[in-house]
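Asks: Hey, dropping input_29.csv in here, CSV, C-alpha atoms:
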chain,number,residue,atom,x,y,z
A,102,MET,CA,10.4,16.9,-9.4
A,103,ASN,CA,7.9,17.8,-6.8
A,104,THR,CA,7.5,15.7,-3.7
A,105,ARG,CA,4.6,13.2,-4.1
A,106,ILE,CA,3.0,11.8,-0.9
A,107,ILE,CA,1.3,8.4,-1.0
A,108,THR,CA,-0.5,7.3,2.2
A,109,ILE,CA,-1.6,3.7,2.8
A,110,THR,CA,-4.5,3.7,5.3
A,111,GLY,CA,-7.6,1.9,6.4
A,112,TYR,CA,-9.7,0.9,9.4
A,113,LYS,CA,-8.8,-2.8,9.4
A,114,GLY,CA,-5.5,-4.3,10.4
A,115,GLY,CA,-4.2,-7.5,8.7
A,116,CYS,CA,-5.0,-6.3,5.2
A,117,GLY,CA,-1.5,-6.0,3.9
A,118,LYS,CA,-1.0,-2.3,4.6
A,119,SER,CA,2.6,-2.5,5.7
A,120,THR,CA,3.5,-5.1,3.0
A,121,THR,CA,2.0,-2.8,0.4
A,122,ALA,CA,3.9,0.2,1.8
A,123,ILE,CA,7.2,-1.6,1.7
A,124,ASN,CA,6.8,-3.0,-1.8
A,125,LEU,CA,5.3,0.1,-3.4
A,126,ALA,CA,8.2,2.1,-1.9
A,127,ALA,CA,10.6,-0.5,-3.4
A,128,TYR,CA,9.0,0.1,-6.8
A,129,LEU,CA,9.0,3.9,-6.5
A,130,SER,CA,12.7,3.8,-5.4
A,131,ARG,CA,13.5,2.8,-9.0
A,132,GLN,CA,11.9,6.1,-10.1
A,133,GLY,CA,13.7,8.3,-7.6
A,134,GLU,CA,14.8,8.6,-4.0
A,135,THR,CA,12.0,7.3,-1.7
A,136,VAL,CA,11.3,7.6,2.0
A,137,LEU,CA,8.9,5.3,3.9
A,138,VAL,CA,7.5,7.0,7.0
A,139,ASP,CA,6.4,4.4,9.6
A,140,ALA,CA,3.5,6.0,11.5
A,141,ASP,CA,2.1,2.7,12.6
A,142,PRO,CA,2.6,2.0,16.4
A,143,ASN,CA,3.4,-1.6,15.5
A,144,ARG,CA,6.5,-0.3,13.7
A,145,THR,CA,6.2,-3.1,11.1
A,146,ALA,CA,8.1,-1.2,8.4
A,147,LEU,CA,11.0,-0.2,10.8
A,148,SER,CA,11.3,-3.8,12.0
A,149,TRP,CA,11.3,-5.0,8.4
A,150,ALA,CA,14.1,-2.6,7.5
A,151,GLN,CA,16.2,-3.6,10.6
A,152,ARG,CA,16.1,-7.3,9.6
A,153,GLY,CA,17.7,-6.8,6.2
A,154,ASN,CA,18.3,-4.4,3.3
A,155,LEU,CA,15.7,-2.2,1.7
A,156,PRO,CA,16.4,0.1,-1.4
A,157,PHE,CA,14.9,3.1,0.4
A,158,VAL,CA,15.0,4.8,3.8
A,159,VAL,CA,12.5,3.9,6.5
A,160,VAL,CA,12.0,6.5,9.3
A,161,ASP,CA,9.9,6.8,12.4
A,162,GLN,CA,7.3,9.6,11.9
A,163,ARG,CA,8.9,11.6,14.7
A,164,GLN,CA,12.2,11.8,12.7
A,165,ALA,CA,10.5,12.2,9.3
A,166,ILE,CA,10.8,16.0,9.1
A,167,LYS,CA,14.6,15.8,9.0
A,168,VAL,CA,14.6,13.2,6.1
A,169,VAL,CA,11.7,13.9,3.7
A,170,ALA,CA,12.7,17.4,2.5
A,171,GLY,CA,13.3,17.4,-1.2
A,172,LYS,CA,12.7,13.7,-1.7
A,173,PRO,CA,10.6,13.0,-4.8
A,174,TRP,CA,8.6,10.1,-3.2
A,175,ILE,CA,7.2,9.8,0.3
A,176,VAL,CA,5.2,6.7,1.3
A,177,ILE,CA,3.4,6.8,4.7
A,178,ASP,CA,2.3,3.6,6.5
A,179,THR,CA,-0.4,4.7,8.9
A,180,PRO,CA,-1.9,3.0,12.0
A,181,ALA,CA,-5.0,0.8,11.5
A,182,ARG,CA,-8.4,2.2,12.6
A,183,PRO,CA,-7.8,6.0,12.2
A,184,ASP,CA,-10.7,8.1,13.3
A,185,SER,CA,-12.5,10.4,10.9
A,186,GLN,CA,-10.5,13.5,11.8
A,187,ASP,CA,-7.3,11.6,11.3
A,188,LEU,CA,-8.5,10.5,7.9
A,189,LYS,CA,-9.4,14.0,6.8
A,190,GLU,CA,-5.9,15.2,7.9
A,191,LEU,CA,-4.3,12.3,6.0
A,192,ALA,CA,-6.3,13.2,2.9
A,193,GLN,CA,-5.2,16.8,3.1
A,194,GLY,CA,-1.6,15.9,3.4
A,195,ALA,CA,-1.5,13.2,0.6
A,196,ASP,CA,-1.5,13.3,-3.2
A,197,LEU,CA,-3.0,9.8,-3.2
A,198,LEU,CA,-4.5,7.5,-0.5
A,199,ILE,CA,-4.4,3.8,-1.0
A,200,LEU,CA,-7.0,1.7,0.8
A,201,PRO,CA,-6.0,-2.0,0.9
A,202,THR,CA,-8.8,-4.5,1.5
A,203,LEU,CA,-9.3,-8.2,1.3
A,204,PRO,CA,-12.0,-9.4,-1.1
A,205,ASP,CA,-14.5,-10.3,1.6
A,206,LEU,CA,-17.4,-8.6,3.2
A,207,VAL,CA,-15.8,-8.5,6.7
A,208,SER,CA,-12.9,-6.3,5.2
A,209,LEU,CA,-15.2,-4.5,2.7
A,210,GLU,CA,-17.4,-2.8,5.3
A,211,PRO,CA,-14.7,-0.9,7.2
A,212,MET,CA,-13.0,0.0,3.9
A,213,LEU,CA,-16.3,1.5,2.6
A,214,ALA,CA,-16.6,3.5,5.9
A,215,THR,CA,-13.1,4.8,5.2
A,216,ALA,CA,-14.1,5.8,1.7
A,217,ALA,CA,-17.2,7.5,2.9
A,218,THR,CA,-15.2,9.6,5.3
A,219,LEU,CA,-12.7,10.6,2.6
A,220,GLY,CA,-15.5,11.9,0.3
A,221,THR,CA,-13.8,13.5,-2.7
A,222,ALA,CA,-10.2,13.1,-1.5
A,223,PRO,CA,-7.9,11.3,-4.1
A,224,TYR,CA,-8.0,7.7,-3.1
A,225,ARG,CA,-8.1,4.3,-4.7
A,226,ILE,CA,-9.0,0.9,-3.3
A,227,LEU,CA,-6.5,-2.0,-3.6
A,228,MET,CA,-7.5,-5.6,-3.5
A,229,THR,CA,-4.9,-7.5,-1.3
A,230,ILE,CA,-4.3,-11.1,-0.2
A,231,VAL,CA,-6.4,-12.2,-3.1
A,232,PRO,CA,-6.9,-16.0,-3.4
A,233,PRO,CA,-5.1,-17.3,-6.5
A,234,HIS,CA,-6.8,-18.7,-9.6
A,235,PRO,CA,-9.2,-20.4,-10.0
A,236,SER,CA,-10.9,-18.3,-7.3
A,237,ARG,CA,-12.5,-15.1,-8.8
A,238,GLU,CA,-13.2,-13.4,-5.5
A,239,GLY,CA,-10.9,-10.5,-6.2
A,240,GLU,CA,-12.2,-9.9,-9.7
A,241,VAL,CA,-15.8,-10.1,-8.6
A,242,MET,CA,-15.3,-7.6,-5.7
A,243,ARG,CA,-13.3,-5.3,-8.0
A,244,ALA,CA,-16.1,-5.3,-10.6
A,245,GLU,CA,-18.8,-4.7,-7.9
A,246,LEU,CA,-16.9,-1.8,-6.4
A,247,ARG,CA,-16.4,-0.2,-9.9
A,248,ALA,CA,-20.1,-0.7,-10.7
A,249,ASN,CA,-21.0,1.2,-7.6
A,250,GLY,CA,-18.7,4.1,-8.6
A,251,PHE,CA,-15.7,3.4,-6.3
A,252,PRO,CA,-12.1,4.0,-7.7
A,253,VAL,CA,-10.3,0.7,-7.7
A,254,PHE,CA,-6.9,-0.3,-8.9
A,255,THR,CA,-6.8,-2.8,-11.8
A,256,ALA,CA,-3.8,-4.4,-10.1
A,257,MET,CA,-4.6,-6.9,-7.3
A,258,ILE,CA,-2.0,-8.3,-4.9
A,259,ARG,CA,-2.3,-12.1,-4.8
A,260,ARG,CA,-1.9,-14.1,-1.6
A,261,SER,CA,1.6,-15.5,-1.6
A,262,ALA,CA,4.0,-17.3,0.8
A,263,GLY,CA,6.7,-14.9,-0.6
A,264,HIS,CA,5.3,-12.0,1.5
A,265,GLN,CA,6.2,-13.7,4.8
A,266,LYS,CA,9.6,-14.8,3.5
A,267,ALA,CA,10.4,-11.2,2.3
A,268,ALA,CA,9.3,-9.8,5.7
A,269,LEU,CA,11.5,-12.3,7.6
A,270,ALA,CA,14.5,-11.5,5.4
A,271,GLY,CA,13.9,-7.8,5.6
A,272,VAL,CA,13.8,-7.3,1.8
A,273,PRO,CA,11.1,-6.4,-0.8
A,274,ILE,CA,9.5,-9.3,-2.5
A,275,SER,CA,11.5,-8.3,-5.7
A,276,ALA,CA,14.6,-9.7,-3.9
A,277,LEU,CA,13.3,-13.2,-3.7
A,278,LYS,CA,13.8,-16.0,-6.2
A,279,GLY,CA,11.5,-18.4,-8.2
A,280,ARG,CA,7.8,-18.6,-7.4
A,281,ASP,CA,8.2,-16.6,-4.2
A,282,ARG,CA,9.0,-13.6,-6.4
A,283,LEU,CA,5.8,-13.8,-8.4
A,284,ALA,CA,3.9,-11.4,-6.2
A,285,TRP,CA,6.4,-8.7,-7.3
A,286,LEU,CA,4.6,-8.7,-10.7
A,287,ASP,CA,1.5,-7.5,-8.8
A,288,TYR,CA,3.4,-4.7,-7.2
A,289,GLU,CA,5.0,-3.7,-10.5
A,290,SER,CA,1.5,-3.4,-12.0
A,291,LEU,CA,0.4,-1.4,-9.0
A,292,GLY,CA,3.4,0.9,-9.2
A,293,LYS,CA,2.7,1.6,-12.9
A,294,GLU,CA,-0.9,2.5,-12.1
A,295,VAL,CA,0.2,4.8,-9.3
A,296,LEU,CA,2.5,6.6,-11.6
A,297,GLU,CA,-0.3,7.0,-14.1
A,298,VAL,CA,-2.7,8.4,-11.4
A,299,MET,CA,0.0,10.8,-10.2
A,300,GLN,CA,0.7,12.4,-13.6
Show how you would write the structure in this file as structure tokens.
Replies:
Amino acid sequence: MNTRIITITGYKGGCGKSTTAINLAAYLSRQGETVLVDADPNRTALSWAQRGNLPFVVVDQRQAIKVVAGKPWIVIDTPARPDSQDLKELAQGADLLILPTLPDLVSLEPMLATAATLGTAPYRILMTIVPPHPSREGEVMRAELRANGFPVFTAMIRRSAGHQKAALAGVPISALKGRDRLAWLDYESLGKEVLEVMQ
């Protein structure tokens, strides 16, 4: 199998970028050996890995070259607020870019600026930290983006206390029990869509 590179990026911090990188890597690790490259100066993914046990390798971007060769899945967690040149380079080096965004205007504007910079690069928007039912904020935003021609994942990542618990324990959300594990269903849906897009 060829190496597939998925980059999680966006202008805005606090939109679930590292959480998405960790849990998508956990899903992909069930398909084949997966490496998560932590290129974020905050080192969120590396800290997460050091606290517990993840089913994939997490490496600092400076050591990545030694580890990624021949691996079928590479997930890259990038710094927030990349400039336009960084974005263009990320796009050239990735098979798919995922742009997480909260379903609100404050998050939407920087994400749209990212999308405009990417142009025809292969990207998809992911709604994250979506308020649970009966709120329809996520669905409404997803529909509006689609109506305006933006590629958006059908899967949405619901807001959940499980995300924080998983981060503190150093595990993917799939390792939790009960209601805390419900958000894993969202990442499974995302993972299936990613596999379809990458075919």
Asks: Rounded to one decimal, what separation in Å do you get between atom CA of A:Gly263 and atom CA of A:Asp281?
Replies: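 We find that atom CA of A:Gly263 and atom CA of A:Asp281 lie 4.3 Å from each other.
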Asks: Nearest to A:Pro223: which of A:Pro204, A:Gly194, A:Pro211, A:Pro235 is it, counting only C-alpha atoms?
Replies: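 Of the candidates, the smallest distance to A:Pro223 is held by A:Gly194.
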Asks: With all atoms listed in the file as the basis for distance, which of A:Ile199, A:Ile123, A:Val168, A:Ile175 is at the shortest distance from A:Tyr224?
Replies: A:Ile199
Asks: Tell me, counting only C-alpha atoms, for each residue of stretch 181-275 of chain A within 8 Å of stretch 134-150 of chain A, which pair of atoms is nearest and how far apart they are in Å to one decimal, in rows ordered by chain and increasing number, as JSON lines.
Replies:
{"residue": "A:Ala181", "atom": "CA", "partner": "A:Asp141", "partner_atom": "CA", "distance": 7.4}
{"residue": "A:Ala268", "atom": "CA", "partner": "A:Trp149", "partner_atom": "CA", "distance": 5.9}
{"residue": "A:Leu269", "atom": "CA", "partner": "A:Trp149", "partner_atom": "CA", "distance": 7.3}
{"residue": "A:Ala270", "atom": "CA", "partner": "A:Trp149", "partner_atom": "CA", "distance": 7.8}
{"residue": "A:Gly271", "atom": "CA", "partner": "A:Trp149", "partner_atom": "CA", "distance": 4.7}
{"residue": "A:Val272", "atom": "CA", "partner": "A:Ala150", "partner_atom": "CA", "distance": 7.4}
Asks: Restricted to C-alpha atoms, what would the selected residues look like written as a PDB file, in the coordinates of the input?
Replies:
ATOM      1  CA  ALA A 181      -5.000   0.800  11.500  1.00  0.00           C
ATOM      2  CA  ALA A 268       9.300  -9.800   5.700  1.00  0.00           C
ATOM      3  CA  LEU A 269      11.500 -12.300   7.600  1.00  0.00           C
ATOM      4  CA  ALA A 270      14.500 -11.500   5.400  1.00  0.00           C
ATOM      5  CA  GLY A 271      13.900  -7.800   5.600  1.00  0.00           C
ATOM      6  CA  VAL A 272      13.800  -7.300   1.800  1.00  0.00           C
TER       7      VAL A 272
END
Asks: Please determine, counting only C-alpha atoms, which residue among A:Lys118, A:Arg131, A:Arg163, A:Lys172 has the shortest atom-to-atom distance to A:Leu296.
Replies: A:Arg131
Asks: Can you measure atom CA of A:Thr218 to atom CA of A:Arg105 for me? One decimal in Å is fine.
Replies: 22.2 Å
Asks: Could you tell me which of A:Val207, A:Ala262, A:Leu125, A:Leu198 comes closest to A:Leu291 if we count only C-alpha atoms?
Replies: A:Leu125
Asks: Give me the residues within 10 Å of A:Tyr288 as a list of chain:residue names, counting all atoms listed in the file and dropping any in the same chain fewer than 6 places off.
Replies: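 So, after excluding close chain neighbours, the residues are A:Thr121, A:Asn124, A:Leu125, A:Ala126, A:Ala127, A:Tyr128, A:Ala256, A:Met257, A:Ile258, A:Arg259, A:Ile274, A:Ser275, A:Glu294.
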Asks: Closest to A:Trp285 among A:Met242, A:Thr120, A:Thr108, A:Ala216, using only C-alpha atoms?
Replies: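 Residue with the minimum atom-to-atom distance to A:Trp285: A:Thr120.
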Asks: Around the point (-13.8, -1.0, -5.1) in the file's coordinates, collect all residues with an atom within 12 Å, using all atoms listed in the file, and return them as a PyMOL selection string.
Replies: chain A and resi 199-206+208-210+212-213+215-216+224-229+239-257
Asks: Nearest to A:Val295 among A:Ala267, A:Val176, A:Val159, A:Leu191, with distances taken over only C-alpha atoms: which residue is it?
Replies: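 Ranked by minimum distance to A:Val295, first place goes to A:Val176.
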Asks: What is the distance, in Å and to one decimal place, between atom CA of A:Ser130 and atom CA of A:Tyr112?
Replies: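 Going from atom CA of A:Ser130 over to atom CA of A:Tyr112, I get 27.0 Å.
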